[in-house]
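Text of run_34.csv, listed as CSV, C-alpha atoms and all ligand atoms:
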chain,number,residue,atom,x,y,z
A,155,MET,CA,-6.9,-75.1,15.4
A,156,ALA,CA,-5.1,-73.3,12.5
A,157,VAL,CA,-7.6,-70.5,12.7
A,158,MET,CA,-7.0,-70.2,16.4
A,159,LYS,CA,-3.2,-70.0,15.9
A,160,LYS,CA,-3.6,-67.4,13.1
A,161,TYR,CA,-6.0,-65.0,14.6
A,162,LEU,CA,-6.9,-65.7,18.3
A,163,LEU,CA,-3.4,-66.0,19.6
A,164,PRO,CA,-2.1,-62.8,18.1
A,165,ILE,CA,-5.2,-60.9,19.4
A,166,LEU,CA,-4.7,-62.4,22.9
A,167,VAL,CA,-1.0,-61.4,22.9
A,168,LEU,CA,-1.8,-57.9,21.8
A,169,PHE,CA,-4.5,-57.6,24.4
A,170,LEU,CA,-2.2,-58.8,27.2
A,171,ALA,CA,0.7,-56.5,26.0
A,172,TYR,CA,-1.7,-53.5,26.0
A,173,TYR,CA,-3.0,-54.5,29.4
A,174,TYR,CA,0.4,-54.7,31.1
A,175,SER,CA,2.0,-51.8,29.2
A,176,THR,CA,-0.4,-49.2,30.7
A,177,ASN,CA,0.9,-49.9,34.3
A,178,ASP,CA,2.5,-46.5,34.9
A,179,GLU,CA,4.3,-45.8,38.1
A,180,PHE,CA,2.3,-44.1,40.9
A,181,ARG,CA,3.9,-41.6,43.1
A,182,PRO,CA,2.2,-40.2,46.3
A,183,GLU,CA,3.5,-36.7,45.3
A,184,MET,CA,0.9,-36.8,42.4
A,185,LEU,CA,-1.7,-36.0,45.0
A,186,GLN,CA,0.2,-33.3,46.8
A,187,GLY,CA,-1.7,-30.0,46.9
A,188,LYS,CA,-4.5,-31.6,44.8
A,189,LYS,CA,-8.1,-30.6,45.6
A,190,VAL,CA,-10.2,-33.7,46.2
A,191,ILE,CA,-13.9,-34.5,47.1
A,192,VAL,CA,-14.7,-37.8,48.8
A,193,THR,CA,-18.3,-38.8,49.3
A,194,GLY,CA,-19.3,-41.4,52.0
A,195,ALA,CA,-16.2,-40.5,53.9
A,196,SER,CA,-17.5,-40.9,57.5
A,197,LYS,CA,-16.5,-44.5,57.7
A,198,GLY,CA,-15.4,-47.6,55.7
A,199,ILE,CA,-13.4,-47.2,52.4
A,200,GLY,CA,-14.3,-43.5,52.0
A,201,ARG,CA,-12.7,-42.7,55.4
A,202,GLU,CA,-9.6,-44.7,54.5
A,203,MET,CA,-9.3,-42.8,51.2
A,204,ALA,CA,-9.5,-39.5,53.1
A,205,TYR,CA,-6.6,-40.6,55.3
A,206,HIS,CA,-4.4,-41.7,52.4
A,207,LEU,CA,-5.1,-38.4,50.6
A,208,SER,CA,-4.2,-36.5,53.7
A,209,LYS,CA,-0.9,-38.3,54.1
A,210,MET,CA,-0.2,-37.4,50.5
A,211,GLY,CA,-0.8,-33.7,51.3
A,212,ALA,CA,-4.0,-33.2,49.4
A,213,HIS,CA,-6.8,-30.7,50.2
A,214,VAL,CA,-10.0,-32.7,51.0
A,215,VAL,CA,-13.7,-31.9,51.4
A,216,LEU,CA,-15.6,-34.8,52.8
A,217,THR,CA,-19.3,-35.6,53.0
A,218,ALA,CA,-21.8,-38.1,54.5
A,219,ARG,CA,-24.8,-37.6,56.8
A,220,SER,CA,-23.2,-38.1,60.2
A,221,GLU,CA,-21.7,-34.8,61.2
A,222,GLU,CA,-20.2,-36.2,64.4
A,223,SER,CA,-18.2,-38.8,62.5
A,224,LEU,CA,-17.1,-36.4,59.8
A,225,GLN,CA,-15.8,-34.0,62.4
A,226,LYS,CA,-13.5,-36.8,63.8
A,227,VAL,CA,-12.4,-37.8,60.4
A,228,VAL,CA,-11.5,-34.2,59.5
A,229,SER,CA,-9.5,-33.8,62.7
A,230,ARG,CA,-7.5,-37.0,61.9
A,231,CYS,CA,-6.9,-35.8,58.3
A,232,LEU,CA,-5.3,-32.6,59.6
A,233,GLU,CA,-3.1,-34.6,62.0
A,234,LEU,CA,-2.0,-36.8,59.1
A,235,GLY,CA,-0.9,-33.9,57.0
A,236,ALA,CA,-3.8,-32.8,54.8
A,237,ALA,CA,-3.2,-29.4,53.1
A,238,SER,CA,-6.7,-28.6,54.3
A,239,ALA,CA,-9.7,-30.6,55.4
A,240,HIS,CA,-13.3,-29.7,55.6
A,241,TYR,CA,-16.7,-31.4,55.8
A,242,ILE,CA,-20.2,-30.6,54.6
A,243,ALA,CA,-22.8,-33.0,56.1
A,244,GLY,CA,-26.0,-33.9,54.2
A,245,SER,CA,-28.0,-36.7,52.6
A,246,MET,CA,-27.5,-37.8,48.9
A,247,GLU,CA,-31.2,-38.6,48.9
A,248,ASP,CA,-31.5,-34.8,48.4
A,249,MET,CA,-30.4,-33.8,44.8
A,250,THR,CA,-30.3,-30.1,45.7
A,251,PHE,CA,-27.9,-30.9,48.5
A,252,ALA,CA,-25.7,-32.9,46.1
A,253,GLU,CA,-25.5,-30.1,43.6
A,254,GLN,CA,-24.9,-27.3,46.2
A,255,PHE,CA,-22.3,-29.5,48.0
A,256,VAL,CA,-20.1,-29.6,44.9
A,257,VAL,CA,-20.3,-25.8,44.5
A,258,LYS,CA,-19.5,-25.2,48.2
A,259,ALA,CA,-16.6,-27.7,48.1
A,260,GLY,CA,-15.2,-26.0,45.0
A,261,LYS,CA,-15.3,-22.6,46.8
A,262,LEU,CA,-13.6,-24.0,49.9
A,263,MET,CA,-10.7,-25.4,47.9
A,264,GLY,CA,-10.6,-22.9,45.0
A,265,GLY,CA,-11.2,-25.6,42.4
A,266,LEU,CA,-11.3,-29.3,42.0
A,267,ASP,CA,-8.9,-32.0,40.7
A,268,MET,CA,-10.5,-35.2,41.8
A,269,LEU,CA,-14.1,-36.3,42.5
A,270,ILE,CA,-14.4,-39.6,44.4
A,271,LEU,CA,-17.9,-41.0,44.3
A,272,ASN,CA,-18.2,-43.7,46.9
A,273,HIS,CA,-21.3,-43.4,49.1
A,274,ILE,CA,-24.2,-45.9,49.0
A,275,THR,CA,-27.5,-46.0,50.9
A,276,SER,CA,-27.6,-48.8,53.5
A,277,THR,CA,-28.7,-52.1,52.0
A,278,SER,CA,-29.3,-55.5,53.5
A,279,MET,CA,-29.2,-58.8,51.6
A,280,SER,CA,-32.7,-60.2,51.0
A,281,LEU,CA,-34.8,-61.7,48.2
A,282,PHE,CA,-36.6,-59.1,46.2
A,283,HIS,CA,-40.4,-59.2,46.7
A,284,GLU,CA,-42.3,-56.1,45.9
A,285,ASP,CA,-40.4,-53.2,47.6
A,286,VAL,CA,-40.4,-50.8,44.7
A,287,HIS,CA,-40.0,-47.8,47.0
A,288,SER,CA,-36.6,-49.1,48.1
A,289,VAL,CA,-35.5,-49.7,44.5
A,290,ARG,CA,-36.2,-46.0,43.8
A,291,ARG,CA,-34.3,-44.9,46.9
A,292,VAL,CA,-31.3,-47.1,46.0
A,293,MET,CA,-31.3,-45.9,42.4
A,294,GLU,CA,-31.5,-42.2,43.6
A,295,VAL,CA,-28.7,-42.4,46.2
A,296,ASN,CA,-26.3,-44.9,44.5
A,297,PHE,CA,-26.8,-43.8,40.9
A,298,LEU,CA,-28.7,-40.5,40.3
A,299,SER,CA,-26.8,-38.5,42.9
A,300,TYR,CA,-23.5,-39.6,41.2
A,301,VAL,CA,-24.9,-38.2,38.0
A,302,VAL,CA,-25.8,-34.9,39.7
A,303,LEU,CA,-22.5,-34.7,41.5
A,304,SER,CA,-20.4,-35.3,38.4
A,305,THR,CA,-22.4,-32.9,36.3
A,306,ALA,CA,-22.0,-30.1,38.9
A,307,ALA,CA,-18.3,-30.9,39.1
A,308,LEU,CA,-17.5,-31.1,35.4
A,309,PRO,CA,-16.8,-27.4,34.8
A,310,MET,CA,-14.2,-27.4,37.5
A,311,LEU,CA,-12.7,-30.7,36.4
A,312,LYS,CA,-12.4,-29.5,32.8
A,313,GLN,CA,-10.4,-26.5,34.1
A,314,SER,CA,-8.0,-28.8,36.0
A,315,ASN,CA,-8.0,-31.7,33.5
A,316,GLY,CA,-9.2,-33.6,36.5
A,317,SER,CA,-10.5,-37.1,37.3
A,318,ILE,CA,-13.6,-38.9,38.5
A,319,ALA,CA,-13.5,-42.1,40.5
A,320,VAL,CA,-16.7,-44.1,40.6
A,321,VAL,CA,-16.8,-46.9,43.2
A,322,SER,CA,-18.6,-50.0,42.0
A,323,SER,CA,-18.6,-53.7,42.8
A,324,LEU,CA,-18.3,-57.1,41.3
A,325,ALA,CA,-22.1,-56.8,41.6
A,326,GLY,CA,-21.9,-54.1,38.9
A,327,LYS,CA,-20.4,-56.5,36.4
A,328,MET,CA,-22.0,-59.9,37.3
A,329,THR,CA,-25.2,-60.9,39.1
A,330,GLN,CA,-25.8,-62.7,42.4
A,331,PRO,CA,-29.0,-63.3,44.4
A,332,LEU,CA,-30.2,-61.1,47.3
A,333,ILE,CA,-29.0,-57.7,46.1
A,334,ALA,CA,-31.2,-56.8,43.1
A,335,SER,CA,-31.5,-53.1,43.6
A,336,TYR,CA,-27.9,-52.6,44.7
A,337,SER,CA,-26.7,-54.5,41.6
A,338,ALA,CA,-29.0,-52.6,39.3
A,339,SER,CA,-27.6,-49.3,40.7
A,340,LYS,CA,-24.0,-50.5,40.1
A,341,PHE,CA,-24.7,-51.7,36.5
A,342,ALA,CA,-26.3,-48.3,35.9
A,343,LEU,CA,-23.1,-46.6,36.9
A,344,ASP,CA,-21.2,-48.7,34.3
A,345,GLY,CA,-23.7,-47.8,31.6
A,346,PHE,CA,-23.7,-44.1,32.3
A,347,PHE,CA,-20.1,-43.4,33.2
A,348,SER,CA,-18.5,-45.7,30.6
A,349,THR,CA,-20.7,-43.9,28.0
A,350,ILE,CA,-19.5,-40.5,29.3
A,351,ARG,CA,-15.9,-41.7,29.2
A,352,LYS,CA,-16.4,-42.4,25.4
A,353,GLU,CA,-18.0,-39.0,24.9
A,354,HIS,CA,-15.1,-37.4,26.6
A,355,LEU,CA,-12.8,-39.3,24.2
A,356,VAL,CA,-14.6,-38.2,21.0
A,357,THR,CA,-15.2,-34.6,22.2
A,358,LYS,CA,-11.6,-34.3,23.6
A,359,VAL,CA,-12.7,-33.5,27.1
A,360,ASN,CA,-9.6,-34.3,29.3
A,361,VAL,CA,-11.5,-35.5,32.4
A,362,SER,CA,-10.7,-39.2,33.2
A,363,ILE,CA,-13.3,-41.6,34.6
A,364,THR,CA,-12.1,-44.6,36.6
A,365,LEU,CA,-14.7,-47.3,37.4
A,366,CYS,CA,-13.6,-49.3,40.5
A,367,ILE,CA,-14.8,-52.9,40.7
A,368,LEU,CA,-14.4,-54.2,44.3
A,369,GLY,CA,-14.8,-57.6,45.8
A,370,LEU,CA,-15.8,-58.1,49.4
A,371,ILE,CA,-13.9,-55.5,51.6
A,372,ASP,CA,-13.6,-55.7,55.4
A,373,THR,CA,-15.7,-52.6,56.3
A,374,GLU,CA,-18.0,-53.0,59.4
A,375,THR,CA,-21.1,-52.4,57.2
A,376,ALA,CA,-20.2,-55.0,54.6
A,377,LEU,CA,-19.2,-57.7,57.2
A,378,ARG,CA,-22.5,-57.1,59.1
A,379,ALA,CA,-24.5,-57.2,55.9
A,380,THR,CA,-23.0,-60.5,54.7
A,381,SER,CA,-22.6,-62.3,58.0
A,382,GLY,CA,-24.3,-65.7,58.0
A,383,ILE,CA,-25.2,-65.2,54.3
A,384,LEU,CA,-22.0,-65.0,52.2
A,385,ARG,CA,-18.9,-67.1,52.9
A,386,ALA,CA,-16.1,-65.1,51.2
A,387,GLN,CA,-12.7,-63.7,52.3
A,388,ALA,CA,-12.7,-59.9,52.7
A,389,SER,CA,-9.8,-57.8,51.5
A,390,PRO,CA,-8.4,-54.9,53.7
A,391,LYS,CA,-10.1,-51.6,53.3
A,392,ASP,CA,-7.0,-49.4,53.6
A,393,GLU,CA,-5.2,-51.2,50.7
A,394,CYS,CA,-8.5,-51.0,48.7
A,395,ALA,CA,-8.7,-47.3,49.3
A,396,LEU,CA,-5.1,-46.8,48.1
A,397,GLU,CA,-5.7,-48.9,44.9
A,398,ILE,CA,-8.7,-46.6,44.1
A,399,ILE,CA,-6.6,-43.5,44.5
A,400,LYS,CA,-3.7,-44.9,42.5
A,401,GLY,CA,-5.8,-46.1,39.6
A,402,THR,CA,-7.7,-42.7,39.5
A,403,ALA,CA,-4.5,-40.7,39.6
A,404,LEU,CA,-3.1,-42.8,36.8
A,405,ARG,CA,-6.3,-42.1,34.8
A,406,LYS,CA,-7.1,-45.8,34.3
A,407,ASP,CA,-10.5,-46.7,32.8
A,408,GLU,CA,-11.1,-49.5,35.4
A,409,VAL,CA,-9.6,-50.7,38.6
A,410,TYR,CA,-10.2,-54.2,39.9
A,411,TYR,CA,-9.6,-55.0,43.6
A,412,ASP,CA,-10.5,-58.5,44.8
A,413,LYS,CA,-9.0,-61.4,46.6
A,414,SER,CA,-8.8,-63.4,43.3
A,415,SER,CA,-6.4,-62.3,40.6
A,416,TRP,CA,-8.7,-64.1,38.0
A,417,THR,CA,-11.4,-61.5,38.5
A,418,PRO,CA,-10.1,-58.8,36.0
A,419,ILE,CA,-9.5,-61.5,33.4
A,420,LEU,CA,-12.9,-63.1,33.8
A,421,LEU,CA,-14.9,-59.9,34.1
A,422,GLY,CA,-12.7,-57.7,31.9
A,423,ASN,CA,-14.9,-58.7,28.9
A,424,PRO,CA,-12.7,-58.3,25.8
A,425,GLY,CA,-15.8,-59.0,23.6
A,426,ARG,CA,-17.5,-55.9,24.9
A,427,LYS,CA,-14.3,-53.8,24.2
A,428,ILE,CA,-14.1,-55.1,20.7
A,429,MET,CA,-17.8,-54.4,20.0
A,430,GLU,CA,-17.5,-50.9,21.4
A,431,PHE,CA,-14.5,-50.2,19.2
A,432,LEU,CA,-16.1,-51.5,16.1
A,433,THR,CA,-19.4,-49.7,16.8
A,434,LEU,CA,-17.7,-46.4,17.4
A,435,ARG,CA,-16.2,-46.5,13.8
A,436,ASN,CA,-19.8,-46.4,12.4
A,437,TYR,CA,-20.6,-43.0,13.9
A,438,ASN,CA,-20.7,-39.9,11.9
A,439,ARG,CA,-17.8,-37.9,13.3
A,440,ASP,CA,-19.5,-34.5,12.6
A,441,ILE,CA,-21.8,-35.2,15.5
A,442,PHE,CA,-18.8,-35.0,17.9
A,443,VAL,CA,-17.7,-31.4,17.1
A,444,SER,CA,-17.5,-30.0,20.7
A,445,ASN,CA,-19.5,-27.0,21.7
B,501,LIG,P1,-19.8,-48.0,54.4
B,501,LIG,O1,-21.2,-48.4,54.8
B,501,LIG,O2,-18.7,-48.3,55.4
B,501,LIG,O3,-19.8,-46.4,54.1
B,501,LIG,C1,-20.9,-45.8,53.4
B,501,LIG,C2,-20.7,-44.3,53.5
B,501,LIG,O4,-21.8,-43.7,52.8
B,501,LIG,C3,-20.7,-43.8,54.9
B,501,LIG,O5,-19.8,-42.7,55.0
B,501,LIG,C4,-22.2,-43.3,55.1
B,501,LIG,O6,-22.2,-42.3,56.0
B,501,LIG,C5,-22.5,-42.8,53.7
B,501,LIG,N1,-23.9,-42.7,53.4
B,501,LIG,C6,-24.9,-43.7,53.7
B,501,LIG,N2,-26.1,-43.2,53.3
B,501,LIG,C7,-25.9,-42.0,52.8
B,501,LIG,C8,-26.8,-41.0,52.3
B,501,LIG,N3,-28.1,-41.2,52.2
B,501,LIG,N4,-26.3,-39.8,51.9
B,501,LIG,C9,-25.0,-39.6,51.9
B,501,LIG,N5,-24.1,-40.5,52.4
B,501,LIG,C10,-24.5,-41.7,52.9
B,501,LIG,O7,-19.5,-48.6,53.0
B,501,LIG,P2,-18.2,-49.2,52.4
B,501,LIG,O8,-17.1,-48.4,52.7
B,501,LIG,O9,-18.1,-50.7,52.7
B,501,LIG,O10,-18.5,-49.1,50.8
B,501,LIG,C11,-18.0,-48.0,50.0
B,501,LIG,C12,-18.2,-48.2,48.5
B,501,LIG,O11,-17.6,-49.4,48.2
B,501,LIG,C13,-19.7,-48.4,48.1
B,501,LIG,O12,-19.9,-47.7,46.9
B,501,LIG,C14,-19.9,-49.9,48.0
B,501,LIG,O13,-20.9,-50.2,47.0
B,501,LIG,C15,-18.5,-50.3,47.5
B,501,LIG,N6,-18.2,-51.7,47.7
B,501,LIG,C16,-18.0,-52.1,48.9
B,501,LIG,C17,-17.8,-53.5,49.2
B,501,LIG,C18,-17.6,-54.0,50.5
B,501,LIG,O14,-17.5,-55.2,50.7
B,501,LIG,N7,-17.4,-53.2,51.5
B,501,LIG,C19,-17.9,-54.4,48.1
B,501,LIG,C20,-18.1,-53.8,46.8
B,501,LIG,C21,-18.2,-52.5,46.6
B,501,LIG,P3,-23.5,-41.8,56.8
B,501,LIG,O15,-24.2,-43.0,57.3
B,501,LIG,O16,-22.9,-40.9,57.9
B,501,LIG,O17,-24.3,-41.0,55.9
B,502,LIG,C1,-20.9,-52.0,51.7
B,502,LIG,C2,-21.8,-51.4,52.5
B,502,LIG,C3,-21.3,-53.2,51.1
B,502,LIG,C4,-22.5,-53.7,51.3
B,502,LIG,C5,-23.4,-53.0,52.1
B,502,LIG,C6,-24.5,-54.8,51.4
B,502,LIG,C7,-22.8,-56.0,50.0
B,502,LIG,C8,-21.8,-56.9,50.6
B,502,LIG,C9,-22.1,-55.5,48.7
B,502,LIG,C10,-20.7,-56.7,47.1
B,502,LIG,C11,-19.9,-57.9,46.7
B,502,LIG,C12,-20.8,-59.1,46.5
B,502,LIG,C13,-21.0,-61.4,46.5
B,502,LIG,C14,-22.9,-60.2,45.9
B,502,LIG,C15,-22.1,-59.0,46.1
B,502,LIG,N1,-23.1,-51.9,52.7
B,502,LIG,N2,-24.6,-53.7,52.1
B,502,LIG,C16,-23.2,-54.9,50.8
B,502,LIG,C17,-25.6,-55.8,51.2
B,502,LIG,C18,-21.2,-57.6,49.4
B,502,LIG,N3,-21.3,-56.6,48.3
B,502,LIG,O1,-20.8,-55.8,46.4
B,502,LIG,N4,-20.3,-60.4,46.7
B,502,LIG,C19,-22.3,-61.4,46.1
B,502,LIG,C20,-18.6,-58.1,47.3
B,502,LIG,C21,-18.8,-57.8,45.8

Could you take the file, read its structure, and then write that structure out as structure tokens?
Amino acid sequence: MAVMKKYLLPILVLFLAYYYSTNDEFRPEMLQGKKVIVTGASKGIGREMAYHLSKMGAHVVLTARSEESLQKVVSRCLELGAASAHYIAGSMEDMTFAEQFVVKAGKLMGGLDMLILNHITSTSMSLFHEDVHSVRRVMEVNFLSYVVLSTAALPMLKQSNGSIAVVSSLAGKMTQPLIASYSASKFALDGFFSTIRKEHLVTKVNVSITLCILGLIDTETALRATSGILRAQASPKDECALEIIKGTALRKDEVYYDKSSWTPILLGNPGRKIMEFLTLRNYNRDIFVSN
């Protein structure tokens, strides 16, 4: 008990003080005139993000496979006040498309301030048997294409001191049955992008990375995929979209958006943060001299 009072309580107080002190104020003007890419923007949370960004007066380039839907979303974006709105249709199964898309989007807007990585390949909830082909497709679309897109965008983001949003899930921080490959792809995003965030810190690259951990959201696809399987309350997609944009504009490391306010406390993992801090001190700093 004495040990707890002496060490654990002060650590907890410091941790909570830090957690709440980084809540800066968001202003919609922060996005005015900013050049933003949104992937998976033909429906669901991606489409809501495109609408919010448009109301804030940003330039947007949207992508997904369905050209017909993208066309409608772009028209609505222009009505809502986007500084400019374009779409480039294609599949993120194709890594050449992913790379060329970023280059074209950069040319359309004359640079890039924010890259929002949000698309996923369609997935149903079922027990994993032996469908290794589908694991490969899920990893390619949900993970590898994110690596390709962010790599292609990095030179432009370095120039603008920009930001990357990576949309993940509770299933990227904890495990549940019936979504093995989806979960694997979301854990992979944490492993890769949280490592890159540390590399940016030590090499003084001023490009922020915000990992967004979402609970169940009321998009048509998610409600259909979980119907009759999962009994959980879904949160509204428009508010979810706004929270992703806010957290990314404020350059937060992570955004949690879920019905339960316990989620960030329970999944925040202070043990991991302490271990990462302590391990980083053991590195030879000469390795980090930027090139
Ligand atoms: P939706 O199914 O509504 O939207 C998915 C988007 O991705 C669509 O625009 C779709 O357009 C696009 N897409 C699908 N396949 C491809 C492909 N092969 N290449 C390029 N684009 C593709 O999903 P949500 O809005 O519900 O989810 C958005 C994000 O939020 C995802 O990262 C998801 O993991 C995360 N999330 C969602 C939760 C939820 O409950 N909704 C919970 C936790 C996380 P098109 O078909 O035209 O290509
Ligand atoms: C969007 C589009 C979401 C999905 C989808 C499937 C699931 C629905 C993702 C989650 C959460 C979860 C409890 C496991 C996972 N297409 N196709 C989804 C299958 C629920 N999803 O990530 N909750 C157990 C809500 C966090």

* Structure fact -> Pairwise distance, atom CA of A:Lys391 with atom CA of A:Thr373, equals 6.4 Å

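Shell of stretch 310-319 of chain A at 6 Å, with all atoms listed in the file counted and residues fewer than 5 places along the chain excluded, is Leu266, Asp267, Met268, Leu269, Ile270, Leu271, Asn360, Val361, Ser362, Ile363, Thr364 and Thr402 of chain A.
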
* Asked: Hey, which of A:Glu222, A:Glu247, A:Glu233, A:Asp178 ends up closest to ligand LIG 501 (chain B)? Count all atoms listed in the file.
  -> A:Glu247

Set out as CSV a contact list for chain A and ligand LIG 502 (chain B) with a cut-off of 8 Å, giving each residue of chain A that qualifies its closest atom pair and distance in Å to one decimal, counting only C-alpha atoms and all ligand atoms, ordered by chain and rising residue number.
residue,atom,partner,partner_atom,distance
A:Ile274,CA,B:LIG502,C2,6.9
A:Thr275,CA,B:LIG502,N1,7.6
A:Ser276,CA,B:LIG502,N1,5.5
A:Thr277,CA,B:LIG502,N2,4.4
A:Ser278,CA,B:LIG502,C17,4.4
A:Met279,CA,B:LIG502,C17,4.7
A:Ser322,CA,B:LIG502,O1,7.6
A:Ser323,CA,B:LIG502,O1,4.7
A:Leu324,CA,B:LIG502,C21,4.6
A:Ala325,CA,B:LIG502,C15,5.0
A:Gly326,CA,B:LIG502,O1,7.8
A:Thr329,CA,B:LIG502,C14,7.2
A:Gln330,CA,B:LIG502,C14,5.2
A:Pro331,CA,B:LIG502,C14,7.0
A:Leu332,CA,B:LIG502,C14,7.5
A:Ile333,CA,B:LIG502,C17,6.4
A:Tyr336,CA,B:LIG502,C17,7.6
A:Ser337,CA,B:LIG502,O1,7.7
A:Leu368,CA,B:LIG502,C21,5.9
A:Gly369,CA,B:LIG502,C21,4.0
A:Leu370,CA,B:LIG502,C20,3.5
A:Ile371,CA,B:LIG502,C20,6.9
A:Thr373,CA,B:LIG502,C1,7.0
A:Thr375,CA,B:LIG502,C2,4.9
A:Ala376,CA,B:LIG502,C3,4.1
A:Leu377,CA,B:LIG502,C8,7.1
A:Ala379,CA,B:LIG502,C17,5.0
A:Thr380,CA,B:LIG502,C8,5.6
A:Leu384,CA,B:LIG502,C13,6.8
A:Ala386,CA,B:LIG502,C13,7.7

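Taking atom O17 of ligand LIG 501 (chain B) and atom CA of A:Ala252 as endpoints, the distance between them is 12.8 Å.
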
* **Counting only C-alpha atoms, the option among A:Ala306, A:Leu234, A:Val301, A:Leu396 closest to A:Gly345** => A:Val301

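The nearest approach to ligand LIG 501 (chain B) among the residues A:Glu393, A:Glu408, A:Asp372, A:Asp285, with only C-alpha atoms and all ligand atoms taken into account, belongs to A:Asp372.
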
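Among the candidates A:Lys340, A:Arg230, A:Lys413, A:Lys258, the residue lying nearest to ligand LIG 501 (chain B) is A:Lys340 (atoms considered: all atoms listed in the file).
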
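Among the candidates A:Tyr205, A:Tyr411, A:Phe180, A:Phe346, the one nearest to ligand LIG 501 (chain B) when counting only C-alpha atoms and all ligand atoms is A:Tyr411.
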
* **Nearest-residue call for ligand LIG 501 (chain B), choices A:Gly235, A:Pro424, A:Pro390, A:Gly211, using only C-alpha atoms and all ligand atoms** => A:Pro390

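Separating atom CA of A:Asp248 from atom CA of A:Ala218 is a distance of 11.9 Å.
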
Answer as a PDB file with C-alpha atoms, in the coordinates of the input, residues within 12 Å of (-9.4, -38.9, 49.7) using only C-alpha atoms:
ATOM      1  CA  LEU A 185      -1.700 -36.000  45.000  1.00  0.00           C
ATOM      2  CA  GLN A 186       0.200 -33.300  46.800  1.00  0.00           C
ATOM      3  CA  LYS A 188      -4.500 -31.600  44.800  1.00  0.00           C
ATOM      4  CA  LYS A 189      -8.100 -30.600  45.600  1.00  0.00           C
ATOM      5  CA  VAL A 190     -10.200 -33.700  46.200  1.00  0.00           C
ATOM      6  CA  ILE A 191     -13.900 -34.500  47.100  1.00  0.00           C
ATOM      7  CA  VAL A 192     -14.700 -37.800  48.800  1.00  0.00           C
ATOM      8  CA  THR A 193     -18.300 -38.800  49.300  1.00  0.00           C
ATOM      9  CA  GLY A 194     -19.300 -41.400  52.000  1.00  0.00           C
ATOM     10  CA  ALA A 195     -16.200 -40.500  53.900  1.00  0.00           C
ATOM     11  CA  SER A 196     -17.500 -40.900  57.500  1.00  0.00           C
ATOM     12  CA  ILE A 199     -13.400 -47.200  52.400  1.00  0.00           C
ATOM     13  CA  GLY A 200     -14.300 -43.500  52.000  1.00  0.00           C
ATOM     14  CA  ARG A 201     -12.700 -42.700  55.400  1.00  0.00           C
ATOM     15  CA  GLU A 202      -9.600 -44.700  54.500  1.00  0.00           C
ATOM     16  CA  MET A 203      -9.300 -42.800  51.200  1.00  0.00           C
ATOM     17  CA  ALA A 204      -9.500 -39.500  53.100  1.00  0.00           C
ATOM     18  CA  TYR A 205      -6.600 -40.600  55.300  1.00  0.00           C
ATOM     19  CA  HIS A 206      -4.400 -41.700  52.400  1.00  0.00           C
ATOM     20  CA  LEU A 207      -5.100 -38.400  50.600  1.00  0.00           C
ATOM     21  CA  SER A 208      -4.200 -36.500  53.700  1.00  0.00           C
ATOM     22  CA  LYS A 209      -0.900 -38.300  54.100  1.00  0.00           C
ATOM     23  CA  MET A 210      -0.200 -37.400  50.500  1.00  0.00           C
ATOM     24  CA  GLY A 211      -0.800 -33.700  51.300  1.00  0.00           C
ATOM     25  CA  ALA A 212      -4.000 -33.200  49.400  1.00  0.00           C
ATOM     26  CA  HIS A 213      -6.800 -30.700  50.200  1.00  0.00           C
ATOM     27  CA  VAL A 214     -10.000 -32.700  51.000  1.00  0.00           C
ATOM     28  CA  VAL A 215     -13.700 -31.900  51.400  1.00  0.00           C
ATOM     29  CA  LEU A 216     -15.600 -34.800  52.800  1.00  0.00           C
ATOM     30  CA  THR A 217     -19.300 -35.600  53.000  1.00  0.00           C
ATOM     31  CA  VAL A 227     -12.400 -37.800  60.400  1.00  0.00           C
ATOM     32  CA  VAL A 228     -11.500 -34.200  59.500  1.00  0.00           C
ATOM     33  CA  CYS A 231      -6.900 -35.800  58.300  1.00  0.00           C
ATOM     34  CA  ALA A 236      -3.800 -32.800  54.800  1.00  0.00           C
ATOM     35  CA  ALA A 237      -3.200 -29.400  53.100  1.00  0.00           C
ATOM     36  CA  SER A 238      -6.700 -28.600  54.300  1.00  0.00           C
ATOM     37  CA  ALA A 239      -9.700 -30.600  55.400  1.00  0.00           C
ATOM     38  CA  HIS A 240     -13.300 -29.700  55.600  1.00  0.00           C
ATOM     39  CA  ASP A 267      -8.900 -32.000  40.700  1.00  0.00           C
ATOM     40  CA  MET A 268     -10.500 -35.200  41.800  1.00  0.00           C
ATOM     41  CA  LEU A 269     -14.100 -36.300  42.500  1.00  0.00           C
ATOM     42  CA  ILE A 270     -14.400 -39.600  44.400  1.00  0.00           C
ATOM     43  CA  LEU A 271     -17.900 -41.000  44.300  1.00  0.00           C
ATOM     44  CA  ASN A 272     -18.200 -43.700  46.900  1.00  0.00           C
ATOM     45  CA  ILE A 318     -13.600 -38.900  38.500  1.00  0.00           C
ATOM     46  CA  ALA A 319     -13.500 -42.100  40.500  1.00  0.00           C
ATOM     47  CA  ASP A 392      -7.000 -49.400  53.600  1.00  0.00           C
ATOM     48  CA  ALA A 395      -8.700 -47.300  49.300  1.00  0.00           C
ATOM     49  CA  LEU A 396      -5.100 -46.800  48.100  1.00  0.00           C
ATOM     50  CA  GLU A 397      -5.700 -48.900  44.900  1.00  0.00           C
ATOM     51  CA  ILE A 398      -8.700 -46.600  44.100  1.00  0.00           C
ATOM     52  CA  ILE A 399      -6.600 -43.500  44.500  1.00  0.00           C
ATOM     53  CA  LYS A 400      -3.700 -44.900  42.500  1.00  0.00           C
ATOM     54  CA  THR A 402      -7.700 -42.700  39.500  1.00  0.00           C
ATOM     55  CA  ALA A 403      -4.500 -40.700  39.600  1.00  0.00           C
TER      56      ALA A 403
END

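Taking all atoms listed in the file into account, the protein, DNA and RNA residues within 12 Å of (-15.1, -41.5, 22.7) read Phe347, Ser348, Thr349, Ile350, Arg351, Lys352, Glu353, His354, Leu355, Val356, Thr357, Lys358, Val359, Asn360, Val361, Ser362, Glu430, Phe431, Thr433, Leu434, Arg435, Tyr437, Arg439, Ile441, Phe442, Val443 and Ser444 of chain A.
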